[in-house]
Amino acid sequence: METKSNFLGVDNKAFEEETIEGKKKPCIGGETVLSEVKPQQPRPTTTADELKDTGYAWLVLAVMFLSNVVTAGYIKSFGVIYNAVEIAYPDTSATAGGVVVALLSGCRNGLAPVVGAAAVQFGARPVMIFGIVLCSGGLFASFFCNSVATLAITLGAMMGTGMCAVETCQIVVMPEYFRNKKELANSIRVAGYPLGGAAFPFFLLPFFEYFGLKLTFIILSALFAQLAVFVFLIRPFSTHVKMAEVKKSRKEKASKSISNGAVAMDDSKLSQEKPIKAKKFDLKLFLNPIYLTHIGMIVGFSAALPHAQYFVAVYGKAIGFSLEQNSILLAYQAVLDSFTRLLLGYMLDKKIFKKTHCFVVCLVVAGIGTAMIPASTNFWVVMFTFSIFSLGSSGYFANINVILIDQFGEHNVASSWGFIRMIQGILNFLYPPLLGYLVDVTGSYYLTFLTMGIGLTCAGLSIASQPLVARAAKIDMIFY
């Protein structure tokens, strides 16, 4: 029977079921949209099925969590690092500093599609190790730099590219090891980002005080290098399956059970069935109406993140908050963000509500809270409204990857996530100057925070429009 690809870019041949009349309908994310389904015998459980969500998968998740604590700790504490750079290089201009930050953020986000394609082509583990070597080498080379212009290459471009490799490859690895528990696993993985941001500055300040800037670079270089040891534990899932099958076969031979041996042979054949080939670049996504709603979402979302924390600190300083109060505010937000990501992951795992519903509500409520931040100069009120903003970050990171996997398939995640990350990287060059310009023109922060709040709200509404878009485009799909 001839099959066609639907608007969602999913190969219907791989994801279709037969109805009673023998006809097929398009589906998404491995589930079929059917009103009547012919009863079928359950497919025998394969070795690969048994290995997902259990055992070694959680060790892989722990490695990804640890790497996120370190990489995000560097990113979120870069302001502390750059303050030390300005002291060590007193002739540093604001333009030179901006180049460092732009290269760091731009490379970290803009290269995501390329890194995702490399992970599909060469495997996630070698690309992650290459990224760690690049980060460690960049920090080590910074010891020998005599100007901020050279630091822009080491601390900016090399670090940004390396962290892009470490973070993007996780998106490729996670759906291989997790299926039913992917929501919880993803939330645990991304919880490492805010925890690293909350803890890292407290470690850096003593290093700067006792060892100085350049020796701190060497210490950080060694810290990043240690991650390579842990990343070696992220073995390819296909290798993990083969090792498990060999181990099972040896046990069955030892027991000399003919019946069990036959079952093992069947399982081995099933687990070796050729999976859907992962895609490196899928430009057809940009012709997909549903994917365009994600593009609209990231355009609005990028108006507030990741620079909202910066503008909250600047606003706090402008209304008289002390350095200690600003530090407490940012550390509290980071811990709350991490806790909320874990809580959302747990509730999503229990199927308490749909992921798309959670995503929309978090972003819309966060947009309202963000717009309210400059409405008060009281520390506790600002902390409360800033807490509401945290829902946007928590809801985004807890949901975005698993929604993309559900809607466009795990075989396409390198492209579906990579393009969104790339667009966010481009917008990170544009939004901060615009938001700062609004402060200069109006003399207040009201319009700046209002713009960020509107951006978050529009991001949520863009995802909320998916059912209408699907109906208009005549796409059959399930909203998870």
# chains A, B, ... in the order shown; residues from 1 in each chain; ligands from 1

call {"tool": "residues_around", "arguments": {"residues": "A:Gly367", "least_positions_apart": "3", "cutoff": "10 Å", "atoms": "only C-alpha atoms", "output": "list of chain:residue names"}}
result
A:Phe301, A:Ala304, A:Val361, A:Cys362, A:Leu363, A:Val364, A:Thr370, A:Ala371, A:Met372, A:Ile388, A:Phe389, A:Ser390, A:Leu391, A:Gly392, A:Phe449, A:Leu450, A:Thr451, A:Met452, A:Gly453, A:Ile454, A:Gly455, A:Leu456, A:Thr457, A:Cys458, A:Ala459, A:Gly460

call {"tool": "closest_residue", "arguments": {"among": "A:His307, A:Lys280, A:Lys182, A:Lys354", "to": "A:Trp417", "atoms": "only C-alpha atoms"}}
result
A:Lys280

call {"tool": "closest_residue", "arguments": {"among": "A:Tyr177, A:Tyr74, A:Tyr445, A:Phe286", "to": "A:Val314", "atoms": "only C-alpha atoms"}}
result
A:Tyr445

call {"tool": "closest_atom_pairs", "arguments": {"of": "stretch 317-416 of chain A", "to": "stretch 421-424 of chain A", "cutoff": "12 Å", "atoms": "only C-alpha atoms", "output": "CSV"}}
result
residue,atom,partner,partner_atom,distance
A:Ile400,CA,A:Arg421,CA,11.0
A:Asn401,CA,A:Arg421,CA,11.1
A:Val413,CA,A:Arg421,CA,11.6
A:Ala414,CA,A:Arg421,CA,10.4
A:Ser415,CA,A:Arg421,CA,9.6
A:Ser416,CA,A:Arg421,CA,9.0

call {"tool": "write_last_selection", "arguments": {"atoms": "N, CA and C atoms", "output": "compact mmCIF listing (two decimals), in the first residue's frame"}}
result
# COMPACT_ATOMS: atom_id res chain seq x y z
N ILE A 400 9.48 21.45 26.63
CA ILE A 400 9.75 21.67 25.22
C ILE A 400 10.35 20.45 24.53
N ASN A 401 11.32 19.79 25.15
CA ASN A 401 11.96 18.66 24.48
C ASN A 401 11.02 17.48 24.31
N VAL A 413 14.64 14.77 16.45
CA VAL A 413 14.82 15.75 17.53
C VAL A 413 16.06 16.62 17.30
N ALA A 414 17.06 16.10 16.60
CA ALA A 414 18.26 16.91 16.34
C ALA A 414 17.91 18.15 15.52
N SER A 415 16.94 18.03 14.62
CA SER A 415 16.51 19.17 13.81
C SER A 415 15.45 20.00 14.52
N SER A 416 14.42 19.34 15.07
CA SER A 416 13.31 20.08 15.67
C SER A 416 13.78 20.93 16.85

call {"tool": "atom_distance", "arguments": {"atom1": "atom CA of A:Tyr446", "atom2": "atom CA of A:Tyr310"}}
result
15.0 Å

call {"tool": "select_by_dssp", "arguments": {"residues": "stretch 25-205 of chain A", "states": "strand (DSSP E or B)", "output": "list in words"}}
result
Cys27, Ile28, Glu31 and Thr32 of chain A

call {"tool": "write_last_selection", "arguments": {"atoms": "N, CA, C and O atoms", "output": "PDB file, in the first residue's frame"}}
result
ATOM      1  N   CYS A  27      -0.576   9.671  11.833  1.00  0.00           N
ATOM      2  CA  CYS A  27      -0.450   9.770  13.267  1.00  0.00           C
ATOM      3  C   CYS A  27       0.757  10.604  13.613  1.00  0.00           C
ATOM      4  O   CYS A  27       1.472  11.081  12.756  1.00  0.00           O
ATOM      5  N   ILE A  28       1.001  10.743  14.884  1.00  0.00           N
ATOM      6  CA  ILE A  28       2.120  11.582  15.337  1.00  0.00           C
ATOM      7  C   ILE A  28       2.680  11.026  16.620  1.00  0.00           C
ATOM      8  O   ILE A  28       1.957  10.544  17.482  1.00  0.00           O
ATOM      9  N   GLU A  31       1.720   7.410  18.124  1.00  0.00           N
ATOM     10  CA  GLU A  31       0.356   7.036  18.452  1.00  0.00           C
ATOM     11  C   GLU A  31      -0.548   7.395  17.284  1.00  0.00           C
ATOM     12  O   GLU A  31      -0.400   8.426  16.652  1.00  0.00           O
ATOM     13  N   THR A  32      -1.519   6.551  17.025  1.00  0.00           N
ATOM     14  CA  THR A  32      -2.358   6.721  15.848  1.00  0.00           C
ATOM     15  C   THR A  32      -3.686   7.372  16.202  1.00  0.00           C
ATOM     16  O   THR A  32      -4.268   7.084  17.231  1.00  0.00           O
TER      17      THR A  32
END

call {"tool": "closest_atom_pairs", "arguments": {"of": "stretch 109-181 of chain A", "to": "stretch 85-92 of chain A", "cutoff": "10 Å", "atoms": "only C-alpha atoms", "output": "CSV"}}
result
residue,atom,partner,partner_atom,distance
A:Asn146,CA,A:Tyr89,CA,8.4
A:Ser147,CA,A:Tyr89,CA,7.1
A:Val148,CA,A:Thr92,CA,6.7
A:Ala149,CA,A:Thr92,CA,9.2
A:Leu151,CA,A:Val85,CA,9.3

call {"tool": "write_last_selection", "arguments": {"atoms": "N, CA, C and O atoms", "output": "compact mmCIF listing (two decimals), in the first residue's frame"}}
result
# COMPACT_ATOMS: atom_id res chain seq x y z
N ASN A 146 46.67 37.68 26.78
CA ASN A 146 47.12 38.97 27.29
C ASN A 146 46.15 40.11 26.98
O ASN A 146 46.45 41.25 27.27
N SER A 147 45.02 39.79 26.37
CA SER A 147 44.05 40.83 26.04
C SER A 147 42.65 40.23 26.02
O SER A 147 42.49 39.01 25.89
N VAL A 148 41.67 41.11 26.13
CA VAL A 148 40.28 40.65 26.09
C VAL A 148 39.91 40.18 24.69
O VAL A 148 39.03 39.32 24.52
N ALA A 149 40.58 40.70 23.68
CA ALA A 149 40.30 40.26 22.30
C ALA A 149 40.60 38.77 22.14
O ALA A 149 39.84 38.05 21.47
N LEU A 151 40.65 36.67 24.71
CA LEU A 151 39.71 35.98 25.59
C LEU A 151 38.36 35.79 24.90
O LEU A 151 37.62 34.86 25.23

call {"tool": "decode", "arguments": {"residues": "stretch 171-299 of chain A", "atoms": "C-alpha atoms", "output": "PDB file, in the first residue's frame"}}
result
ATOM      1  CA  ILE A 171      18.605  15.926  23.463  1.00  0.00           C
ATOM      2  CA  VAL A 172      19.623  13.131  21.086  1.00  0.00           C
ATOM      3  CA  VAL A 173      20.557  10.674  23.853  1.00  0.00           C
ATOM      4  CA  MET A 174      17.590  11.118  26.207  1.00  0.00           C
ATOM      5  CA  PRO A 175      14.795   9.645  23.996  1.00  0.00           C
ATOM      6  CA  GLU A 176      17.001   6.637  23.236  1.00  0.00           C
ATOM      7  CA  TYR A 177      17.181   5.650  26.918  1.00  0.00           C
ATOM      8  CA  PHE A 178      13.754   6.860  28.063  1.00  0.00           C
ATOM      9  CA  ARG A 179      10.253   6.309  26.705  1.00  0.00           C
ATOM     10  CA  ASN A 180       7.535   6.131  29.368  1.00  0.00           C
ATOM     11  CA  LYS A 181       9.580   8.141  31.867  1.00  0.00           C
ATOM     12  CA  LYS A 182      10.916  10.737  29.457  1.00  0.00           C
ATOM     13  CA  GLU A 183       8.980  13.603  31.091  1.00  0.00           C
ATOM     14  CA  LEU A 184      10.461  12.917  34.517  1.00  0.00           C
ATOM     15  CA  ALA A 185      13.908  12.223  33.072  1.00  0.00           C
ATOM     16  CA  ASN A 186      13.938  15.462  31.101  1.00  0.00           C
ATOM     17  CA  SER A 187      12.918  17.486  34.165  1.00  0.00           C
ATOM     18  CA  ILE A 188      15.700  15.953  36.248  1.00  0.00           C
ATOM     19  CA  ARG A 189      18.173  16.650  33.456  1.00  0.00           C
ATOM     20  CA  VAL A 190      17.265  20.329  33.081  1.00  0.00           C
ATOM     21  CA  ALA A 191      17.066  20.855  36.877  1.00  0.00           C
ATOM     22  CA  GLY A 192      20.865  20.908  36.800  1.00  0.00           C
ATOM     23  CA  TYR A 193      20.886  24.274  35.001  1.00  0.00           C
ATOM     24  CA  PRO A 194      19.489  26.493  37.791  1.00  0.00           C
ATOM     25  CA  LEU A 195      21.264  24.518  40.523  1.00  0.00           C
ATOM     26  CA  GLY A 196      24.593  25.169  38.822  1.00  0.00           C
ATOM     27  CA  GLY A 197      23.724  28.836  38.503  1.00  0.00           C
ATOM     28  CA  ALA A 198      22.878  29.072  42.215  1.00  0.00           C
ATOM     29  CA  ALA A 199      25.990  27.284  43.480  1.00  0.00           C
ATOM     30  CA  PHE A 200      28.794  28.209  41.086  1.00  0.00           C
ATOM     31  CA  PRO A 201      29.305  31.884  42.062  1.00  0.00           C
ATOM     32  CA  PHE A 202      29.917  30.925  45.686  1.00  0.00           C
ATOM     33  CA  PHE A 203      32.774  28.639  44.578  1.00  0.00           C
ATOM     34  CA  LEU A 204      34.311  31.151  42.193  1.00  0.00           C
ATOM     35  CA  LEU A 205      34.685  34.084  44.587  1.00  0.00           C
ATOM     36  CA  PRO A 206      37.125  32.290  46.961  1.00  0.00           C
ATOM     37  CA  PHE A 207      39.134  31.054  43.956  1.00  0.00           C
ATOM     38  CA  PHE A 208      39.503  34.601  42.635  1.00  0.00           C
ATOM     39  CA  GLU A 209      40.510  35.825  46.073  1.00  0.00           C
ATOM     40  CA  TYR A 210      43.141  33.186  46.864  1.00  0.00           C
ATOM     41  CA  PHE A 211      44.407  32.111  43.424  1.00  0.00           C
ATOM     42  CA  GLY A 212      43.694  35.018  41.104  1.00  0.00           C
ATOM     43  CA  LEU A 213      41.973  35.048  37.728  1.00  0.00           C
ATOM     44  CA  LYS A 214      44.478  33.077  35.654  1.00  0.00           C
ATOM     45  CA  LEU A 215      44.949  30.221  38.108  1.00  0.00           C
ATOM     46  CA  THR A 216      41.165  30.041  38.420  1.00  0.00           C
ATOM     47  CA  PHE A 217      41.068  29.421  34.674  1.00  0.00           C
ATOM     48  CA  ILE A 218      43.365  26.413  35.198  1.00  0.00           C
ATOM     49  CA  ILE A 219      41.164  25.080  38.016  1.00  0.00           C
ATOM     50  CA  LEU A 220      38.047  25.437  35.894  1.00  0.00           C
ATOM     51  CA  SER A 221      39.848  23.777  32.980  1.00  0.00           C
ATOM     52  CA  ALA A 222      40.587  20.763  35.181  1.00  0.00           C
ATOM     53  CA  LEU A 223      36.978  20.690  36.401  1.00  0.00           C
ATOM     54  CA  PHE A 224      35.618  20.585  32.848  1.00  0.00           C
ATOM     55  CA  ALA A 225      38.172  17.933  31.878  1.00  0.00           C
ATOM     56  CA  GLN A 226      36.811  15.632  34.600  1.00  0.00           C
ATOM     57  CA  LEU A 227      33.450  15.639  32.849  1.00  0.00           C
ATOM     58  CA  ALA A 228      34.976  13.650  29.990  1.00  0.00           C
ATOM     59  CA  VAL A 229      35.456  10.711  32.354  1.00  0.00           C
ATOM     60  CA  PHE A 230      31.754  10.696  33.193  1.00  0.00           C
ATOM     61  CA  VAL A 231      30.622  11.243  29.604  1.00  0.00           C
ATOM     62  CA  PHE A 232      32.398   8.009  28.645  1.00  0.00           C
ATOM     63  CA  LEU A 233      29.606   6.278  30.578  1.00  0.00           C
ATOM     64  CA  ILE A 234      27.044   7.495  28.001  1.00  0.00           C
ATOM     65  CA  ARG A 235      27.485   4.528  25.716  1.00  0.00           C
ATOM     66  CA  PRO A 236      25.486   4.317  22.457  1.00  0.00           C
ATOM     67  CA  PHE A 237      22.114   2.724  23.115  1.00  0.00           C
ATOM     68  CA  SER A 238      22.656   0.148  20.373  1.00  0.00           C
ATOM     69  CA  THR A 239      25.874  -0.959  22.093  1.00  0.00           C
ATOM     70  CA  HIS A 240      24.033  -1.091  25.412  1.00  0.00           C
ATOM     71  CA  VAL A 241      21.387  -3.365  23.865  1.00  0.00           C
ATOM     72  CA  LYS A 242      23.988  -5.712  22.364  1.00  0.00           C
ATOM     73  CA  MET A 243      25.803  -6.006  25.705  1.00  0.00           C
ATOM     74  CA  ALA A 244      22.541  -6.866  27.449  1.00  0.00           C
ATOM     75  CA  GLU A 245      21.702  -9.501  24.808  1.00  0.00           C
ATOM     76  CA  VAL A 246      25.108 -11.151  25.174  1.00  0.00           C
ATOM     77  CA  LYS A 247      24.707 -11.219  28.945  1.00  0.00           C
ATOM     78  CA  LYS A 248      21.206 -12.697  28.652  1.00  0.00           C
ATOM     79  CA  SER A 249      22.380 -15.309  26.158  1.00  0.00           C
ATOM     80  CA  ARG A 250      25.182 -16.448  28.454  1.00  0.00           C
ATOM     81  CA  LYS A 251      22.793 -16.860  31.376  1.00  0.00           C
ATOM     82  CA  GLU A 252      20.387 -18.880  29.276  1.00  0.00           C
ATOM     83  CA  LYS A 253      23.136 -21.130  27.962  1.00  0.00           C
ATOM     84  CA  ALA A 254      24.293 -21.744  31.521  1.00  0.00           C
ATOM     85  CA  SER A 255      20.778 -22.788  32.549  1.00  0.00           C
ATOM     86  CA  LYS A 256      20.482 -24.992  29.407  1.00  0.00           C
ATOM     87  CA  SER A 257      16.852 -24.024  28.996  1.00  0.00           C
ATOM     88  CA  ILE A 258      15.660 -24.743  25.455  1.00  0.00           C
ATOM     89  CA  SER A 259      12.413 -22.854  25.785  1.00  0.00           C
ATOM     90  CA  ASN A 260      14.054 -19.791  27.274  1.00  0.00           C
ATOM     91  CA  GLY A 261      16.714 -19.965  24.591  1.00  0.00           C
ATOM     92  CA  ALA A 262      14.068 -19.835  21.881  1.00  0.00           C
ATOM     93  CA  VAL A 263      12.467 -16.817  23.464  1.00  0.00           C
ATOM     94  CA  ALA A 264      15.834 -15.119  23.746  1.00  0.00           C
ATOM     95  CA  MET A 265      16.498 -15.731  20.061  1.00  0.00           C
ATOM     96  CA  ASP A 266      13.165 -14.169  19.129  1.00  0.00           C
ATOM     97  CA  ASP A 267      13.831 -11.171  21.344  1.00  0.00           C
ATOM     98  CA  SER A 268      17.270 -10.745  19.831  1.00  0.00           C
ATOM     99  CA  LYS A 269      15.832 -10.681  16.325  1.00  0.00           C
ATOM    100  CA  LEU A 270      13.142  -8.203  17.305  1.00  0.00           C
ATOM    101  CA  SER A 271      15.560  -5.871  19.052  1.00  0.00           C
ATOM    102  CA  GLN A 272      17.738  -5.837  15.989  1.00  0.00           C
ATOM    103  CA  GLU A 273      14.911  -4.657  13.774  1.00  0.00           C
ATOM    104  CA  LYS A 274      16.090  -1.620  11.898  1.00  0.00           C
ATOM    105  CA  PRO A 275      14.884   1.528  13.704  1.00  0.00           C
ATOM    106  CA  ILE A 276      13.754   4.664  11.958  1.00  0.00           C
ATOM    107  CA  LYS A 277      16.858   6.398  10.701  1.00  0.00           C
ATOM    108  CA  ALA A 278      17.623   9.606  12.579  1.00  0.00           C
ATOM    109  CA  LYS A 279      17.627  12.750  10.495  1.00  0.00           C
ATOM    110  CA  LYS A 280      20.516  15.215  10.511  1.00  0.00           C
ATOM    111  CA  PHE A 281      18.805  18.178   8.860  1.00  0.00           C
ATOM    112  CA  ASP A 282      15.084  18.282   8.147  1.00  0.00           C
ATOM    113  CA  LEU A 283      14.364  21.627   6.488  1.00  0.00           C
ATOM    114  CA  LYS A 284      10.827  20.444   5.700  1.00  0.00           C
ATOM    115  CA  LEU A 285       9.984  21.330   9.298  1.00  0.00           C
ATOM    116  CA  PHE A 286       9.781  24.969   8.234  1.00  0.00           C
ATOM    117  CA  LEU A 287       6.910  24.023   5.898  1.00  0.00           C
ATOM    118  CA  ASN A 288       5.112  22.334   8.784  1.00  0.00           C
ATOM    119  CA  PRO A 289       2.272  24.489  10.214  1.00  0.00           C
ATOM    120  CA  ILE A 290       2.579  22.901  13.660  1.00  0.00           C
ATOM    121  CA  TYR A 291       6.324  23.514  13.782  1.00  0.00           C
ATOM    122  CA  LEU A 292       5.724  27.144  12.851  1.00  0.00           C
ATOM    123  CA  THR A 293       3.780  27.526  16.104  1.00  0.00           C
ATOM    124  CA  HIS A 294       6.965  26.498  17.912  1.00  0.00           C
ATOM    125  CA  ILE A 295       8.877  29.101  15.928  1.00  0.00           C
ATOM    126  CA  GLY A 296       6.357  31.722  17.041  1.00  0.00           C
ATOM    127  CA  MET A 297       6.730  30.471  20.604  1.00  0.00           C
ATOM    128  CA  ILE A 298      10.521  30.854  20.678  1.00  0.00           C
ATOM    129  CA  VAL A 299      10.307  34.343  19.155  1.00  0.00           C
TER     130      VAL A 299
END
